[in-house]
Every structure is written in structure tokens, then in C-alpha cells.
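Content type TSV, C-alpha atoms, from the file work_9.tsv:
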```tsv
chain	number	residue	atom	x	y	z
A	6	MET	CA	1.04	74.16	73.29
A	7	SER	CA	0.86	71.83	76.27
A	8	ASN	CA	4.61	71.14	76.42
A	9	GLY	CA	5.93	74.23	74.68
A	10	PHE	CA	6.00	72.70	71.20
A	11	ALA	CA	3.61	73.20	68.31
A	12	ASN	CA	2.29	69.92	66.95
A	13	THR	CA	2.73	70.88	63.31
A	14	PRO	CA	2.02	68.60	60.34
A	15	GLU	CA	4.52	67.67	57.66
A	16	PRO	CA	5.76	70.74	55.76
A	17	PRO	CA	4.99	72.78	53.79
A	18	TYR	CA	3.25	75.32	56.02
A	19	LEU	CA	3.93	78.90	57.10
A	20	ALA	CA	5.73	80.34	60.12
A	21	VAL	CA	5.31	83.89	61.38
A	22	ILE	CA	8.39	84.74	63.43
A	23	PHE	CA	7.67	87.62	65.82
A	24	THR	CA	10.70	88.91	67.73
A	25	SER	CA	10.10	91.70	70.24
A	26	ARG	CA	11.67	93.59	73.08
A	27	LEU	CA	9.31	94.79	75.77
A	28	GLY	CA	9.71	98.19	77.35
A	29	HIS	CA	9.47	98.66	81.08
A	30	ASP	CA	5.76	99.40	81.16
A	31	ASP	CA	4.33	95.93	80.70
A	32	ALA	CA	1.05	96.40	82.55
A	33	ASP	CA	-1.66	94.27	80.92
A	34	TYR	CA	0.85	92.78	78.49
A	35	ALA	CA	0.61	89.19	79.76
A	36	ALA	CA	-3.19	89.27	79.68
A	37	MET	CA	-3.18	90.54	76.09
A	38	ALA	CA	-0.64	87.95	75.01
A	39	ALA	CA	-2.67	85.12	76.54
A	40	GLU	CA	-5.84	86.42	74.92
A	41	MET	CA	-4.13	86.58	71.52
A	42	GLU	CA	-2.86	83.00	71.85
A	43	THR	CA	-6.40	81.82	72.59
A	44	LEU	CA	-7.86	83.84	69.76
A	45	ALA	CA	-5.21	82.69	67.26
A	46	ALA	CA	-5.92	79.07	68.13
A	47	ALA	CA	-9.54	79.56	67.05
A	48	GLN	CA	-8.65	80.90	63.58
A	49	PRO	CA	-8.94	78.87	60.38
A	50	GLY	CA	-5.59	77.45	59.32
A	51	TYR	CA	-3.94	77.78	62.74
A	52	LEU	CA	-1.41	74.98	63.31
A	53	GLY	CA	0.25	75.92	66.59
A	54	ILE	CA	2.41	78.41	68.46
A	55	GLU	CA	5.72	78.45	70.32
A	56	SER	CA	6.90	81.27	72.53
A	57	ALA	CA	9.81	82.18	74.81
A	58	ARG	CA	10.88	85.37	76.56
A	59	GLY	CA	14.01	85.80	78.65
A	60	ALA	CA	15.03	88.07	81.48
A	61	ASP	CA	16.41	90.59	78.97
A	62	ARG	CA	12.79	91.18	77.80
A	63	VAL	CA	13.56	89.83	74.33
A	64	GLY	CA	10.91	87.37	73.23
A	65	ILE	CA	10.29	85.20	70.19
A	66	THR	CA	6.86	83.89	69.28
A	67	VAL	CA	6.49	81.68	66.24
A	68	SER	CA	2.97	80.92	65.06
A	69	TYR	CA	2.36	78.29	62.40
A	70	TRP	CA	-0.31	78.49	59.71
A	71	ARG	CA	-1.63	76.35	56.90
A	72	ASP	CA	-1.24	78.92	54.13
A	73	GLU	CA	-0.85	82.59	53.21
A	74	GLU	CA	-4.60	83.10	53.35
A	75	SER	CA	-4.77	82.10	57.00
A	76	VAL	CA	-1.77	84.32	57.87
A	77	ARG	CA	-3.40	87.33	56.25
A	78	ALA	CA	-6.78	86.61	57.80
A	79	TRP	CA	-5.29	86.41	61.29
A	80	LYS	CA	-3.41	89.66	60.78
A	81	SER	CA	-6.68	91.42	59.99
A	82	VAL	CA	-8.85	90.07	62.84
A	83	ALA	CA	-10.26	93.14	64.57
A	84	ARG	CA	-9.26	92.23	68.13
A	85	HIS	CA	-5.80	91.31	66.90
A	86	ARG	CA	-5.47	94.63	65.09
A	87	ALA	CA	-6.33	96.43	68.31
A	88	ALA	CA	-3.65	94.42	70.13
A	89	GLN	CA	-1.11	95.26	67.40
A	90	ALA	CA	-1.88	98.95	67.78
A	91	ALA	CA	-1.57	98.77	71.57
A	92	GLY	CA	1.70	96.92	71.20
A	93	ARG	CA	3.12	99.63	68.97
A	94	ALA	CA	1.90	102.37	71.30
A	95	LYS	CA	2.58	100.91	74.72
A	96	TRP	CA	4.53	97.71	74.99
A	97	TYR	CA	7.20	97.13	72.39
A	98	GLU	CA	10.49	98.99	72.27
A	99	HIS	CA	11.03	97.23	68.98
A	100	PHE	CA	9.73	94.26	67.03
A	101	GLU	CA	10.42	92.38	63.82
A	102	VAL	CA	7.97	90.19	61.93
A	103	ARG	CA	9.16	87.67	59.36
A	104	VAL	CA	6.79	85.51	57.33
A	105	ALA	CA	8.43	82.32	56.14
A	106	HIS	CA	7.57	79.13	54.29
A	107	VAL	CA	8.69	76.05	56.24
A	108	GLU	CA	10.28	73.56	53.84
A	109	ARG	CA	11.46	70.80	56.14
A	110	ALA	CA	11.38	69.91	59.82
A	111	TYR	CA	12.70	67.30	62.20
A	112	GLY	CA	12.79	66.73	65.93
A	113	GLY	CA	14.72	64.88	68.58
A	114	PRO	CA	16.50	63.60	70.53
B	19	MET	CA	22.97	90.69	68.03
B	20	SER	CA	23.76	93.75	70.10
B	21	ASN	CA	20.14	94.56	70.95
B	22	GLY	CA	18.59	91.13	70.56
B	23	PHE	CA	17.61	91.58	66.90
B	24	ALA	CA	19.27	90.17	63.81
B	25	ASN	CA	20.11	92.86	61.28
B	26	THR	CA	18.87	90.88	58.30
B	27	PRO	CA	18.76	92.18	54.71
B	28	GLU	CA	15.66	92.38	52.55
B	29	PRO	CA	14.14	88.92	51.97
B	30	PRO	CA	14.47	86.35	50.56
B	31	TYR	CA	16.78	84.53	52.96
B	32	LEU	CA	16.53	81.46	55.18
B	33	ALA	CA	15.53	81.02	58.80
B	34	VAL	CA	16.38	77.98	60.92
B	35	ILE	CA	13.90	77.88	63.81
B	36	PHE	CA	15.25	75.80	66.68
B	37	THR	CA	12.81	75.23	69.55
B	38	SER	CA	14.09	73.29	72.54
B	39	ARG	CA	13.30	72.37	76.09
B	40	LEU	CA	16.27	71.91	78.39
B	41	GLY	CA	16.38	69.13	80.95
B	42	HIS	CA	17.52	69.77	84.47
B	43	ASP	CA	21.17	68.95	83.88
B	44	ASP	CA	22.33	72.07	82.10
B	45	ALA	CA	25.98	72.03	83.19
B	46	ASP	CA	28.13	73.51	80.40
B	47	TYR	CA	25.07	74.32	78.31
B	48	ALA	CA	25.48	78.10	78.39
B	49	ALA	CA	29.15	77.87	77.43
B	50	MET	CA	28.34	75.61	74.49
B	51	ALA	CA	25.51	77.86	73.33
B	52	ALA	CA	27.75	80.93	73.44
B	53	GLU	CA	30.50	79.11	71.57
B	54	MET	CA	28.04	78.02	68.86
B	55	GLU	CA	26.76	81.60	68.43
B	56	THR	CA	30.32	82.82	67.94
B	57	LEU	CA	31.14	79.99	65.56
B	58	ALA	CA	27.94	80.46	63.53
B	59	ALA	CA	28.70	84.16	63.10
B	60	ALA	CA	31.98	83.23	61.41
B	61	GLN	CA	30.35	80.99	58.78
B	62	PRO	CA	29.79	81.97	55.15
B	63	GLY	CA	26.24	83.14	54.57
B	64	TYR	CA	25.46	83.87	58.21
B	65	LEU	CA	23.03	86.81	58.52
B	66	GLY	CA	22.24	86.94	62.23
B	67	ILE	CA	20.66	85.19	65.19
B	68	GLU	CA	17.88	85.82	67.71
B	69	SER	CA	17.37	83.80	70.88
B	70	ALA	CA	15.11	83.70	73.93
B	71	ARG	CA	14.60	81.20	76.73
B	72	GLY	CA	12.07	81.51	79.53
B	73	ALA	CA	11.83	80.21	83.06
B	74	ASP	CA	9.99	77.10	81.80
B	75	ARG	CA	13.25	76.08	80.02
B	76	VAL	CA	11.64	76.38	76.60
B	77	GLY	CA	13.85	78.32	74.24
B	78	ILE	CA	13.65	79.48	70.65
B	79	THR	CA	16.73	80.35	68.61
B	80	VAL	CA	16.31	81.57	65.05
B	81	SER	CA	19.41	81.81	62.90
B	82	TYR	CA	19.28	83.52	59.53
B	83	TRP	CA	21.24	82.45	56.46
B	84	ARG	CA	21.78	83.61	52.92
B	85	ASP	CA	20.84	80.37	51.19
B	86	GLU	CA	20.38	76.61	51.53
B	87	GLU	CA	24.06	76.03	50.91
B	88	SER	CA	25.06	78.04	53.97
B	89	VAL	CA	22.43	76.30	56.12
B	90	ARG	CA	23.74	72.89	55.11
B	91	ALA	CA	27.37	73.90	55.53
B	92	TRP	CA	26.74	75.17	59.07
B	93	LYS	CA	24.89	71.98	60.00
B	94	SER	CA	27.96	69.95	59.01
B	95	VAL	CA	30.69	72.00	60.73
B	96	ALA	CA	32.57	69.52	62.90
B	97	ARG	CA	32.42	71.46	66.16
B	98	HIS	CA	28.73	72.10	65.58
B	99	ARG	CA	28.10	68.41	64.94
B	100	ALA	CA	29.75	67.61	68.25
B	101	ALA	CA	27.52	70.15	69.99
B	102	GLN	CA	24.43	68.65	68.32
B	103	ALA	CA	25.42	65.19	69.57
B	104	ALA	CA	26.01	66.50	73.08
B	105	GLY	CA	22.66	68.27	72.97
B	106	ARG	CA	20.86	65.07	72.04
B	107	ALA	CA	22.70	63.07	74.68
B	108	LYS	CA	22.79	65.50	77.59
B	109	TRP	CA	20.84	68.71	77.39
B	110	TYR	CA	17.61	68.60	75.44
B	111	GLU	CA	14.45	66.90	76.65
B	112	HIS	CA	13.09	67.66	73.22
B	113	PHE	CA	13.78	69.87	70.23
B	114	GLU	CA	12.28	70.77	66.88
B	115	VAL	CA	14.15	72.22	63.90
B	116	ARG	CA	12.30	73.92	61.06
B	117	VAL	CA	14.03	75.29	58.00
B	118	ALA	CA	12.06	78.07	56.33
B	119	HIS	CA	12.33	80.56	53.49
B	120	VAL	CA	11.60	84.09	54.66
B	121	GLU	CA	9.39	85.81	52.08
B	122	ARG	CA	8.69	89.17	53.70
B	123	ALA	CA	9.60	91.11	56.82
B	124	TYR	CA	8.79	94.35	58.59
B	125	GLY	CA	9.58	95.99	61.88
B	126	GLY	CA	8.24	98.58	64.28
B	127	PRO	CA	6.94	100.44	66.12
```

Rewritten as C-alpha cells:
Amino acid sequence: MSNGFANTPEPPYLAVIFTSRLGHDDADYAAMAAEMETLAAAQPGYLGIESARGADRVGITVSYWRDEESVRAWKSVARHRAAQAAGRAKWYEHFEVRVAHVERAYGGP
Amino acid sequence: MSNGFANTPEPPYLAVIFTSRLGHDDADYAAMAAEMETLAAAQPGYLGIESARGADRVGITVSYWRDEESVRAWKSVARHRAAQAAGRAKWYEHFEVRVAHVERAYGGP
């Protein structure tokens, strides 16, 4: 994610859209998020990640995956499961996860 | 989008993932973006929108739609087409658009 964009192949592939709002106790959050990005990038079927968070603490992270198998495998990685549990307990006021099949894509300008 | 989250129905529905990096000339950008959010919300098949942009100027906006027809109709709205052209010419260093079918969703904590 050198320039902020995932270098995804031609569709089809999968996108996991993770929208979250952080609470006010965000100690250790940035370190966990960076660790998870590194760990995700080492998983089979990983295609890339894009992430943004504004001053209102609402963030969107979209990770891209080759297929359903790789999405499910990443969800179940032990260190990732621990991070999910910590997120529910400590960091996120709310989150939404949407798993989607990317059908077409284009870029510009 | 009162709290930053789109109040989407049960899947299936569509997501348009728009990732962009703004250049340094962002005059009028915020006004255009706000106008497009208002206009999108008035279109048939609109389900909601989520958006975040960080200090590195990378932003992700995900708009949700009932079906392919509503995605295509919104893309062709005249005022939206003008905004797309202005974005290519003036605002975006780069952007990626991905159209995806949301298969499942869940929230938390």
C-alpha cells in the first residue's frame, strides 16, 4: 500500500469493507492496526488493503482477497481473532463488516 | 449517515468503493463532495453512504445501492457527471472505483 491504493488484479475478487468508529480510549490501537496490516499481507490470497480514518474517528478499511476461502482463513487466524476481541472490548464504539464480490473496477484520472 | 454508518438492509445489495487521493488544490472540493452526497441520497435505490479521509489525503467513500440499475443511473446523473469530470481534471491525483455485490454483513460490538 505504498501510495494508499491496493494493486488489485482484474476482477473478480473479494472485498471486506470494515467501517468503524473509535472510542476515546485508543491506546495501543495504532500498533494493533499496523500489526494486523502486516499479518494480513502475509496470508494466502491477500491482494491488498486500503484504509482511511478522519478526525471524526470514523474509519474505513477495505481489504481485498482472492476468494471466500482466503477471507474465512484470515478471519480465523489466531492473532487476528485476539485483535477482533480486543477491538470489541476496548476500541470500537461501533463497527460494520460487509463481505462483497467485486465485479468490475476502473481507475483514473 | 448521522453517526457515520450507512443503515443498510440485509444483503444482497451493491457497494461502490471509491478510493481517492486528493492533490494539493482542493478549492471547492468539500462543497462538491457535500453536494454529491445530498444528490446521491435523493436517487432511486440509494441505501446509504460511508466516508473517511485521513491527513495523507487518501479517502474512501462507499455508497450502497439496491441494484445494478441504480448504480448505473447514479453514474449517469448529469450533475454527477460534471463532478466526475471536475474530479478528473482538478482534484484527484488518482482514484479507483470498484463495484461489488455485498453477500453478507454483520456489526458490533

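Those residues of chain A that fall within 6 Å of chain B when using all atoms listed in the file read Ala57, Arg58, Gly59, Gly64, Arg93, His99, Phe100, Glu101, Val102, Arg103, Val104, Ala105, His106, Val107, Glu108, Arg109, Ala110, Tyr111, Gly112, Gly113 and Pro114 of chain A.
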
Could you dump the residues just selected with C-alpha atoms as a compact mmCIF listing (two decimals), in the frame of the given file?
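again_4.txt, written as the output of this step:
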```txt
# COMPACT_ATOMS: atom_id res chain seq x y z
CA ALA A 57 9.81 82.18 74.81
CA ARG A 58 10.88 85.37 76.56
CA GLY A 59 14.01 85.80 78.65
CA GLY A 64 10.91 87.37 73.23
CA ARG A 93 3.12 99.63 68.97
CA HIS A 99 11.03 97.23 68.98
CA PHE A 100 9.73 94.26 67.03
CA GLU A 101 10.42 92.38 63.82
CA VAL A 102 7.97 90.19 61.93
CA ARG A 103 9.16 87.67 59.36
CA VAL A 104 6.79 85.51 57.33
CA ALA A 105 8.43 82.32 56.14
CA HIS A 106 7.57 79.13 54.29
CA VAL A 107 8.69 76.05 56.24
CA GLU A 108 10.28 73.56 53.84
CA ARG A 109 11.46 70.80 56.14
CA ALA A 110 11.38 69.91 59.82
CA TYR A 111 12.70 67.30 62.20
CA GLY A 112 12.79 66.73 65.93
CA GLY A 113 14.72 64.88 68.58
CA PRO A 114 16.50 63.60 70.53
```

Mind fitting chain A onto chain B over all Cα atoms in sequence order and sending the result as a PDB file with C-alpha atoms, in the frame of the given file?
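For reference, selection_25.pdb as written:
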```
ATOM      1  CA  MET A   6      22.983  90.606  68.102  1.00  0.00           C
ATOM      2  CA  SER A   7      23.779  93.697  70.140  1.00  0.00           C
ATOM      3  CA  ASN A   8      20.148  94.535  70.964  1.00  0.00           C
ATOM      4  CA  GLY A   9      18.566  91.120  70.567  1.00  0.00           C
ATOM      5  CA  PHE A  10      17.621  91.568  66.912  1.00  0.00           C
ATOM      6  CA  ALA A  11      19.276  90.160  63.814  1.00  0.00           C
ATOM      7  CA  ASN A  12      20.118  92.850  61.284  1.00  0.00           C
ATOM      8  CA  THR A  13      18.865  90.885  58.295  1.00  0.00           C
ATOM      9  CA  PRO A  14      18.770  92.171  54.709  1.00  0.00           C
ATOM     10  CA  GLU A  15      15.676  92.366  52.545  1.00  0.00           C
ATOM     11  CA  PRO A  16      14.133  88.921  51.974  1.00  0.00           C
ATOM     12  CA  PRO A  17      14.488  86.368  50.563  1.00  0.00           C
ATOM     13  CA  TYR A  18      16.796  84.530  52.960  1.00  0.00           C
ATOM     14  CA  LEU A  19      16.519  81.449  55.168  1.00  0.00           C
ATOM     15  CA  ALA A  20      15.537  81.019  58.813  1.00  0.00           C
ATOM     16  CA  VAL A  21      16.371  77.980  60.918  1.00  0.00           C
ATOM     17  CA  ILE A  22      13.895  77.877  63.795  1.00  0.00           C
ATOM     18  CA  PHE A  23      15.263  75.797  66.681  1.00  0.00           C
ATOM     19  CA  THR A  24      12.819  75.231  69.544  1.00  0.00           C
ATOM     20  CA  SER A  25      14.095  73.277  72.543  1.00  0.00           C
ATOM     21  CA  ARG A  26      13.310  72.356  76.098  1.00  0.00           C
ATOM     22  CA  LEU A  27      16.281  71.911  78.384  1.00  0.00           C
ATOM     23  CA  GLY A  28      16.388  69.138  80.936  1.00  0.00           C
ATOM     24  CA  HIS A  29      17.520  69.770  84.473  1.00  0.00           C
ATOM     25  CA  ASP A  30      21.168  68.953  83.886  1.00  0.00           C
ATOM     26  CA  ASP A  31      22.323  72.084  82.108  1.00  0.00           C
ATOM     27  CA  ALA A  32      25.962  72.058  83.184  1.00  0.00           C
ATOM     28  CA  ASP A  33      28.131  73.520  80.410  1.00  0.00           C
ATOM     29  CA  TYR A  34      25.066  74.324  78.317  1.00  0.00           C
ATOM     30  CA  ALA A  35      25.470  78.117  78.388  1.00  0.00           C
ATOM     31  CA  ALA A  36      29.144  77.882  77.438  1.00  0.00           C
ATOM     32  CA  MET A  37      28.331  75.619  74.485  1.00  0.00           C
ATOM     33  CA  ALA A  38      25.516  77.870  73.328  1.00  0.00           C
ATOM     34  CA  ALA A  39      27.748  80.949  73.439  1.00  0.00           C
ATOM     35  CA  GLU A  40      30.489  79.119  71.568  1.00  0.00           C
ATOM     36  CA  MET A  41      28.031  78.034  68.869  1.00  0.00           C
ATOM     37  CA  GLU A  42      26.747  81.597  68.429  1.00  0.00           C
ATOM     38  CA  THR A  43      30.317  82.815  67.932  1.00  0.00           C
ATOM     39  CA  LEU A  44      31.138  80.005  65.555  1.00  0.00           C
ATOM     40  CA  ALA A  45      27.933  80.468  63.529  1.00  0.00           C
ATOM     41  CA  ALA A  46      28.698  84.157  63.109  1.00  0.00           C
ATOM     42  CA  ALA A  47      31.975  83.243  61.396  1.00  0.00           C
ATOM     43  CA  GLN A  48      30.338  80.980  58.782  1.00  0.00           C
ATOM     44  CA  PRO A  49      29.790  81.975  55.155  1.00  0.00           C
ATOM     45  CA  GLY A  50      26.236  83.142  54.550  1.00  0.00           C
ATOM     46  CA  TYR A  51      25.454  83.885  58.206  1.00  0.00           C
ATOM     47  CA  LEU A  52      23.032  86.818  58.514  1.00  0.00           C
ATOM     48  CA  GLY A  53      22.229  86.938  62.221  1.00  0.00           C
ATOM     49  CA  ILE A  54      20.664  85.182  65.192  1.00  0.00           C
ATOM     50  CA  GLU A  55      17.891  85.806  67.710  1.00  0.00           C
ATOM     51  CA  SER A  56      17.369  83.799  70.861  1.00  0.00           C
ATOM     52  CA  ALA A  57      15.115  83.700  73.928  1.00  0.00           C
ATOM     53  CA  ARG A  58      14.605  81.201  76.735  1.00  0.00           C
ATOM     54  CA  GLY A  59      12.075  81.513  79.537  1.00  0.00           C
ATOM     55  CA  ALA A  60      11.835  80.207  83.064  1.00  0.00           C
ATOM     56  CA  ASP A  61       9.992  77.114  81.801  1.00  0.00           C
ATOM     57  CA  ARG A  62      13.252  76.079  80.033  1.00  0.00           C
ATOM     58  CA  VAL A  63      11.635  76.383  76.605  1.00  0.00           C
ATOM     59  CA  GLY A  64      13.860  78.317  74.240  1.00  0.00           C
ATOM     60  CA  ILE A  65      13.665  79.481  70.643  1.00  0.00           C
ATOM     61  CA  THR A  66      16.734  80.344  68.605  1.00  0.00           C
ATOM     62  CA  VAL A  67      16.295  81.554  65.055  1.00  0.00           C
ATOM     63  CA  SER A  68      19.406  81.810  62.907  1.00  0.00           C
ATOM     64  CA  TYR A  69      19.275  83.524  59.530  1.00  0.00           C
ATOM     65  CA  TRP A  70      21.239  82.451  56.464  1.00  0.00           C
ATOM     66  CA  ARG A  71      21.779  83.628  52.923  1.00  0.00           C
ATOM     67  CA  ASP A  72      20.838  80.377  51.199  1.00  0.00           C
ATOM     68  CA  GLU A  73      20.373  76.614  51.511  1.00  0.00           C
ATOM     69  CA  GLU A  74      24.066  76.034  50.903  1.00  0.00           C
ATOM     70  CA  SER A  75      25.058  78.050  53.953  1.00  0.00           C
ATOM     71  CA  VAL A  76      22.431  76.290  56.117  1.00  0.00           C
ATOM     72  CA  ARG A  77      23.739  72.882  55.110  1.00  0.00           C
ATOM     73  CA  ALA A  78      27.361  73.902  55.537  1.00  0.00           C
ATOM     74  CA  TRP A  79      26.732  75.166  59.065  1.00  0.00           C
ATOM     75  CA  LYS A  80      24.903  71.978  59.986  1.00  0.00           C
ATOM     76  CA  SER A  81      27.955  69.948  58.995  1.00  0.00           C
ATOM     77  CA  VAL A  82      30.687  71.993  60.729  1.00  0.00           C
ATOM     78  CA  ALA A  83      32.575  69.515  62.896  1.00  0.00           C
ATOM     79  CA  ARG A  84      32.413  71.460  66.165  1.00  0.00           C
ATOM     80  CA  HIS A  85      28.730  72.104  65.575  1.00  0.00           C
ATOM     81  CA  ARG A  86      28.101  68.414  64.945  1.00  0.00           C
ATOM     82  CA  ALA A  87      29.762  67.604  68.252  1.00  0.00           C
ATOM     83  CA  ALA A  88      27.518  70.153  69.985  1.00  0.00           C
ATOM     84  CA  GLN A  89      24.436  68.643  68.301  1.00  0.00           C
ATOM     85  CA  ALA A  90      25.406  65.200  69.549  1.00  0.00           C
ATOM     86  CA  ALA A  91      25.995  66.491  73.082  1.00  0.00           C
ATOM     87  CA  GLY A  92      22.666  68.268  72.972  1.00  0.00           C
ATOM     88  CA  ARG A  93      20.857  65.077  72.033  1.00  0.00           C
ATOM     89  CA  ALA A  94      22.691  63.096  74.704  1.00  0.00           C
ATOM     90  CA  LYS A  95      22.787  65.515  77.608  1.00  0.00           C
ATOM     91  CA  TRP A  96      20.842  68.721  77.384  1.00  0.00           C
ATOM     92  CA  TYR A  97      17.614  68.612  75.436  1.00  0.00           C
ATOM     93  CA  GLU A  98      14.458  66.917  76.647  1.00  0.00           C
ATOM     94  CA  HIS A  99      13.093  67.657  73.211  1.00  0.00           C
ATOM     95  CA  PHE A 100      13.787  69.879  70.229  1.00  0.00           C
ATOM     96  CA  GLU A 101      12.291  70.762  66.868  1.00  0.00           C
ATOM     97  CA  VAL A 102      14.144  72.215  63.898  1.00  0.00           C
ATOM     98  CA  ARG A 103      12.291  73.915  61.061  1.00  0.00           C
ATOM     99  CA  VAL A 104      14.034  75.301  57.989  1.00  0.00           C
ATOM    100  CA  ALA A 105      12.046  78.061  56.342  1.00  0.00           C
ATOM    101  CA  HIS A 106      12.329  80.538  53.492  1.00  0.00           C
ATOM    102  CA  VAL A 107      11.592  84.092  54.664  1.00  0.00           C
ATOM    103  CA  GLU A 108       9.391  85.827  52.088  1.00  0.00           C
ATOM    104  CA  ARG A 109       8.690  89.179  53.692  1.00  0.00           C
ATOM    105  CA  ALA A 110       9.606  91.102  56.823  1.00  0.00           C
ATOM    106  CA  TYR A 111       8.793  94.339  58.578  1.00  0.00           C
ATOM    107  CA  GLY A 112       9.567  95.977  61.889  1.00  0.00           C
ATOM    108  CA  GLY A 113       8.253  98.588  64.261  1.00  0.00           C
ATOM    109  CA  PRO A 114       6.940 100.445  66.115  1.00  0.00           C
TER     110      PRO A 114
END
```

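CA of Gly41 in chain B is positioned 24.9 Å from CA of Val95 in chain B.
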
Write out as AutoDock Vina command-line options an axis-aligned box for range 81-88 of chain B: all of its atoms listed in the file, 8 Å added on each side, centre and edge lengths in Å with one decimal.
```
--center_x 22.2 --center_y 79.8 --center_z 56.9 --size_x 21.8 --size_y 23.6 --size_z 28.0
```

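For Pro14 in chain A, the non-local neighbours within 10 Å, defined as residues at least 5 positions apart in the same chain or in other chains and counting all atoms listed in the file, are Leu52, Gly53, Tyr69, Arg71 and Ala110 of chain A.
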